[in-house]
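**Student:** Please read through the structure below; I'll follow up with questions.
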Amino acid sequence: MTLTLPSRAALQGLIVYAGFILIFLFFSVMLWDRGFLSAQNLTNIVLQTAPATVLAVGLVFVLAAGEIDLSFGAAVALAAIVAAMVMRAHPWPAGVLAGLATGMAVGLVNGAIVAYARLPSFLVTLATMGVVAGLARELSNLQSIPVTAEPFIAIFGGGKAFGIPSLVLWTVAALVIGHLVFRETRYGAHVLATGDNPRAALVSGIKVARLRLSVLVLSGFCAGLAGLLYSGRLQAARYTLGESDLMTVIAAVIVGGTALTGGRGTIPGALVGSLMMGMLSNGLILMGLSVSWQMIIKGLIVLAAVAVSLREPNR
Amino acid sequence: MTFATRNLLASLSVLALLGLPAAAQTVGPSGEAATPSAGITVDDAQAAELQGKGLKAALLWHDQADFVNAVTAGATDEFTRLGIEVVATTSAGFDSAKQLADVETTLALDPDIILSLPLDPVASAVAFKKASEAGVKLVFLSNLPADYKHPADYGAIVTDDLFQMGKQAADVLATAMGGKGKVGWIYHDAAYYVTNQRDNAFKTTIETSYPDMQIVAEAGISDPARAEEIANAMLLQNPDLGGIYVTWAGPAEGVLAALRANGNTTTKIVTLDLSEPIALDMVKGGNVAGIVADEAYELGRAMAAVGARAVLGIENPPFIVAPALSVTKDNVAEGWQTSLRKDAPASVLDALK
């Protein structure tokens with residue numbers, strides 16, 4: 001029976017791709033005359049999911065290490081607001097640095113408490129989610145802050161390089177770097193080992209506390225980058241940014257094949273999961289369904305996808 | 001003028017508007033005079049011209065609510081009469097990034113008309129630019145994206161008679177309190193045109209028209225879930241409040257819960273927008289003195305008519321208002337029909353018997 005285990009796991013890894021193709025084919029047939037397959041619409045799906053995909057990269061590391069981050073949505077808003085406020089008075093690169101630093105600072109606080117006060121990340125990030133969301137509201141006074149620096153908008157929002165939208169380039173960069181680090185470095189192996197069995201990881205010499213800290217800082221960095229992408233795209237920062245991403249990104253990462261319980265993760269799977277979530281929203285709108293039915297059907301499909309990809313192989 | 005300056009000026013004009021004490025009547029974002037919605041119609045000859053053209057419309061809302069459903073029903077009925085197909089309906093859940101995505105997604109369907117409530121003056125300006133550049137006729141509910149010009153960028157803003165809503169709320173509360181006593185004012189603590197106008201109109205009316213009534217407590221609210229604790233604090237510091245104004249029905253439910261928990265049967269509540277728990281309390285002779293509603297169905301009808309007229313090249317006034325409606329125990333059944341075009345909830349009708 002030992003031979004069937006890897007094949008079943010491999011099969012499960014492929015299911016997300018099969019599901020993606022199935023949903024794509026379904027919409028292509030149902031919406032063949034309603035613009036779904038137009039280049040513009042397919043580009044839209046990729047652009048609209050770009051910040052969520054970047055967030056998903058960070059979350060794969062966190063989940064694979066056996067932790068969770070519930071504060072990244074709030075960190076997106078705070079990072080975007082800080083970046084926009086800094087850009088009002090200073091050149092735009094200062095805003096970029098401030099935004100990324102804000103995201104990482106949130107991750108650092110989360111990570112320090114999780115790693116050194118040994119509190120569960122679920123509770124820590126649940127609490128910091130409130131703190132960070134409150135800070136974003138307080139700092140912005142519930143107003144949107146316009147972003148007007150043209151180079152920033154081009155680089156993080158609507159611009160293109162070599163004919164490719166900048167949002168796509170950032171997303172690809174995050175995915176490629178994330179995948180290489182996760183699969184090809186010792187750090188990635190340590191993340192998986194820690195998530196799989198922290199005690200064994202500790203015994204084998206992995207600095208588990210430092211590793212836990214690092215994955216949460218990484219997630220904060222991704223939140224900072226996603227905040228920059230949102231504020232570039234909308235040319236404004238607002239305290240609601242990222243709010244709705246929390247559940248979408250967690251679902252995308254899990255549908256993609258990363259285990260909520262740690263020890264298993266995949267960046268390409270997270271990309272496919274994120275695109276699948278975006279494609280579902282897009283296709284269900286184009287089908288002309290009422291908002292309530294869009295929510296019901298999306299929820300059911302996510303449930304089915306999670307049920308298939310999350311089922312652990314028999315041990 | 002640089003983009004930055006233009007954006008700043010637009011933001012400032014919106015802020016200036018928000019900062020103003022409520023004018024004596026509802027005015028548009030650039031001070032436009034209000035045109036009553038009843039005059040915005042598409043006659044049979046114009047309807048015949050639209051039929052068979054294969055026109056398409058999309059409804060891109062900010063959220064889901066009874067109000068939105070009624071606006072959708074009004075718009076859909078009018079579009080159906082004119083032979084215009086509604087090809088998409090979305091809800092952004094108050095998320096401006098989702099609204100941008102909804103605009104982009106819907107453009108794949110090549111609509112001729114988009115009806116929407118722009119969530120945020122700044123971010124929405126970017127979102128709807130793509131639609132207006134694609135030649136789509138835009139009709140906005142209540143809010144206007146920064147820097148948009150009429151009639152080049154949009155057909156019209158259609159909204160409630162916001163000043164009248166706030167004023168009528170003051171009148172209803174004054175009637176219930178016999179024109180005298182202490183009042184608590186729970187306003188929406190956010191830069192949001194619709195609620196700011198209504199809240200300020202209530203305050204102005206009490207201050208100018210009812211000399212024996214004083215607003216002695218003010219509290220802002222941004223999260224409706226916190227209404228109960230805010231009301232508790234207000235009642236603790238002002239146990240002799242004769243009435244409380246609450247910015248809309250959601251938080252009013254929390255205020256009602258606070259009054260009930262305190263065993264308070266004397267403090268009156270007035271709020272805006274119809275809600276079953278609030279109406280039920282009113283009908284049962286509880287704390288709620290009245291509700292001021294808008295004619296949501298009429299808003300939707302007028303928005304659809306503006307879009308259709310824009311397609312036909314007929315000029316629309318820039319700022320159109322639908323009437324406000326005071327609902328008390330005496331007219332609750334008719335009020336529900338006029339506002340939402342549906343029967344009042346069974347619980348409310350039963351309690352009336």
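Ordering of the structure tokens sets the chain letters (A, B, ...); residue numbers start at 1 within each chain; ligands are numbered from 1 in the order shown.
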Quick check: residues of chain A within 7 Å of chain B, only C-alpha atoms, returned as a list in words.

**Tutor:**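 Going by the stated atoms only, the list reads Arg34, Gly35, Phe36, Asn41, Asn44, Gln48, Leu142, Gln143, Ser144, Pro146, Thr148, Leu234, Gln235, Ala236, Thr240, Leu241, Asn282, Ile285, Leu286, Gly288, Leu289, Ser290 and Val291 of chain A.
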
**Student:** From stretch 184-271 of chain B, collect each residue whose DSSP state is alpha helix (DSSP H) and return the set as number ranges by chain.

**Tutor:** B: 193-209, 227-237, 249-261

**Student:** Output N, CA and C atoms for every residue in that selection, as a short mmCIF file (atom, residue, chain, number, x, y, z; two decimals), in the first residue's frame.

**Tutor:**
```
data_model
loop_
_atom_site.label_atom_id
_atom_site.label_comp_id
_atom_site.auth_asym_id
_atom_site.auth_seq_id
_atom_site.Cartn_x
_atom_site.Cartn_y
_atom_site.Cartn_z
N TYR B 193 -21.29 61.41 1.71
CA TYR B 193 -22.21 62.47 1.32
C TYR B 193 -23.64 62.23 1.80
N VAL B 194 -24.17 61.05 1.52
CA VAL B 194 -25.58 60.78 1.79
C VAL B 194 -25.91 60.94 3.27
N THR B 195 -25.18 60.22 4.11
CA THR B 195 -25.50 60.25 5.54
C THR B 195 -25.14 61.60 6.15
N ASN B 196 -24.07 62.22 5.68
CA ASN B 196 -23.68 63.52 6.22
C ASN B 196 -24.77 64.56 5.99
N GLN B 197 -25.32 64.56 4.77
CA GLN B 197 -26.37 65.52 4.44
C GLN B 197 -27.61 65.31 5.32
N ARG B 198 -27.99 64.04 5.46
CA ARG B 198 -29.21 63.75 6.22
C ARG B 198 -29.00 64.11 7.70
N ASP B 199 -27.85 63.68 8.23
CA ASP B 199 -27.57 63.94 9.65
C ASP B 199 -27.57 65.45 9.94
N ASN B 200 -26.89 66.20 9.06
CA ASN B 200 -26.79 67.64 9.30
C ASN B 200 -28.13 68.33 9.14
N ALA B 201 -28.96 67.83 8.23
CA ALA B 201 -30.29 68.44 8.04
C ALA B 201 -31.14 68.25 9.30
N PHE B 202 -31.01 67.08 9.92
CA PHE B 202 -31.74 66.86 11.18
C PHE B 202 -31.30 67.89 12.22
N LYS B 203 -29.99 67.99 12.36
CA LYS B 203 -29.44 68.87 13.39
C LYS B 203 -29.84 70.33 13.15
N THR B 204 -29.67 70.76 11.89
CA THR B 204 -30.03 72.14 11.54
C THR B 204 -31.49 72.41 11.84
N THR B 205 -32.36 71.47 11.50
CA THR B 205 -33.79 71.69 11.68
C THR B 205 -34.14 71.81 13.17
N ILE B 206 -33.57 70.93 13.98
CA ILE B 206 -33.83 71.03 15.42
C ILE B 206 -33.35 72.38 15.94
N GLU B 207 -32.14 72.76 15.50
CA GLU B 207 -31.55 73.99 16.03
C GLU B 207 -32.29 75.24 15.58
N THR B 208 -32.84 75.20 14.37
CA THR B 208 -33.45 76.43 13.85
C THR B 208 -34.97 76.45 14.01
N SER B 209 -35.61 75.29 14.00
CA SER B 209 -37.08 75.30 13.99
C SER B 209 -37.72 74.93 15.32
N ALA B 227 -23.51 50.30 17.96
CA ALA B 227 -24.55 51.27 18.30
C ALA B 227 -25.05 51.08 19.73
N GLU B 228 -25.17 49.83 20.15
CA GLU B 228 -25.75 49.58 21.47
C GLU B 228 -24.86 50.17 22.57
N GLU B 229 -23.56 49.95 22.47
CA GLU B 229 -22.68 50.48 23.51
C GLU B 229 -22.63 52.00 23.48
N ILE B 230 -22.69 52.57 22.28
CA ILE B 230 -22.69 54.03 22.17
C ILE B 230 -23.95 54.60 22.83
N ALA B 231 -25.10 53.95 22.55
CA ALA B 231 -26.36 54.42 23.13
C ALA B 231 -26.33 54.26 24.65
N ASN B 232 -25.77 53.17 25.13
CA ASN B 232 -25.68 52.96 26.57
C ASN B 232 -24.89 54.07 27.24
N ALA B 233 -23.76 54.42 26.63
CA ALA B 233 -22.94 55.48 27.20
C ALA B 233 -23.70 56.80 27.19
N MET B 234 -24.42 57.05 26.09
CA MET B 234 -25.16 58.30 25.97
C MET B 234 -26.27 58.38 27.03
N LEU B 235 -26.94 57.26 27.25
CA LEU B 235 -28.04 57.24 28.23
C LEU B 235 -27.51 57.35 29.66
N LEU B 236 -26.33 56.79 29.87
CA LEU B 236 -25.73 56.85 31.20
C LEU B 236 -25.44 58.31 31.58
N GLN B 237 -24.93 59.04 30.59
CA GLN B 237 -24.57 60.45 30.86
C GLN B 237 -25.77 61.38 30.77
N ALA B 249 -31.18 52.74 9.98
CA ALA B 249 -31.92 51.74 10.74
C ALA B 249 -31.03 50.68 11.40
N GLY B 250 -29.93 50.32 10.72
CA GLY B 250 -29.06 49.27 11.29
C GLY B 250 -28.61 49.63 12.70
N PRO B 251 -27.92 50.75 12.88
CA PRO B 251 -27.54 51.14 14.24
C PRO B 251 -28.74 51.45 15.14
N ALA B 252 -29.86 51.87 14.55
CA ALA B 252 -31.04 52.16 15.39
C ALA B 252 -31.50 50.89 16.11
N GLU B 253 -31.29 49.74 15.47
CA GLU B 253 -31.66 48.48 16.14
C GLU B 253 -30.83 48.29 17.41
N GLY B 254 -29.57 48.69 17.35
CA GLY B 254 -28.71 48.61 18.53
C GLY B 254 -29.14 49.59 19.61
N VAL B 255 -29.54 50.79 19.19
CA VAL B 255 -30.00 51.80 20.15
C VAL B 255 -31.28 51.30 20.83
N LEU B 256 -32.15 50.71 20.04
CA LEU B 256 -33.39 50.17 20.60
C LEU B 256 -33.08 49.08 21.64
N ALA B 257 -32.11 48.25 21.31
CA ALA B 257 -31.71 47.20 22.25
C ALA B 257 -31.22 47.80 23.56
N ALA B 258 -30.47 48.90 23.47
CA ALA B 258 -29.96 49.56 24.67
C ALA B 258 -31.10 50.11 25.51
N LEU B 259 -32.07 50.75 24.86
CA LEU B 259 -33.22 51.30 25.60
C LEU B 259 -33.99 50.19 26.30
N ARG B 260 -34.20 49.10 25.59
CA ARG B 260 -34.95 47.98 26.17
C ARG B 260 -34.20 47.41 27.37
N ALA B 261 -32.87 47.25 27.20
CA ALA B 261 -32.08 46.67 28.29
C ALA B 261 -32.12 47.57 29.53
#
```

**Student:** Can you tell me how far atom CA of A:Ser219 sits from atom CA of A:Asp69, in Å to one decimal?

**Tutor:**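 If I compute the distance from atom CA of A:Ser219 to atom CA of A:Asp69, I get 7.6 Å.
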
**Student:** Just checking: using only C-alpha atoms, which residue out of A:Leu228, A:Leu218, A:Leu300, A:Leu97 ends up closest to A:Ala154?

**Tutor:** A:Leu228

**Student:** Which one of A:Ala193, A:Ala252, A:Ala237, A:Ala200 sits closest to A:Thr266 if you count only C-alpha atoms?

**Tutor:**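 The shortest atom-to-atom distance to A:Thr266 comes from A:Ala252.
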
**Student:** List the neighbours of B:Lys180 out to 9 Å using only C-alpha atoms; skip same-chain residues closer than 5 positions along the sequence, and give me the result as a VMD selection string.

**Tutor:** chain B and resid 174 210 to 214 242

**Student:** Could the residues in this selection be saved with C-alpha atoms as a compact mmCIF listing (two decimals), in the first residue's frame?

**Tutor:**
```txt
# COMPACT_ATOMS: atom_id res chain seq x y z
CA ALA B 174 -40.54 66.93 17.51
CA TYR B 210 -37.54 73.91 17.49
CA PRO B 211 -36.27 76.37 20.11
CA ASP B 212 -37.48 74.21 23.03
CA MET B 213 -35.53 71.18 21.90
CA GLN B 214 -31.80 70.92 22.56
CA GLY B 242 -36.51 62.69 25.33
```

**Student:** Considering only C-alpha atoms, return as a PyMOL selection string whatever protein or nucleic-acid residues lie within 8 Å of A:Ile254, sequence-local ones (same chain, fewer than 3 positions apart) excluded.

**Tutor:** chain A and resi 250-251+257-260+270+273+306+309-310

**Student:** Between atom CA of A:Pro91 and atom CA of A:Phe156, measure the distance and give it in Å to one decimal.

**Tutor:** 14.8 Å

**Student:** DSSP on the backbone, strand (DSSP E or B) only: what residues of stretch 12-183 of chain A does that give? Format it as a PyMOL selection string.

**Tutor:** chain A and resi 145-146+160-161+164-165
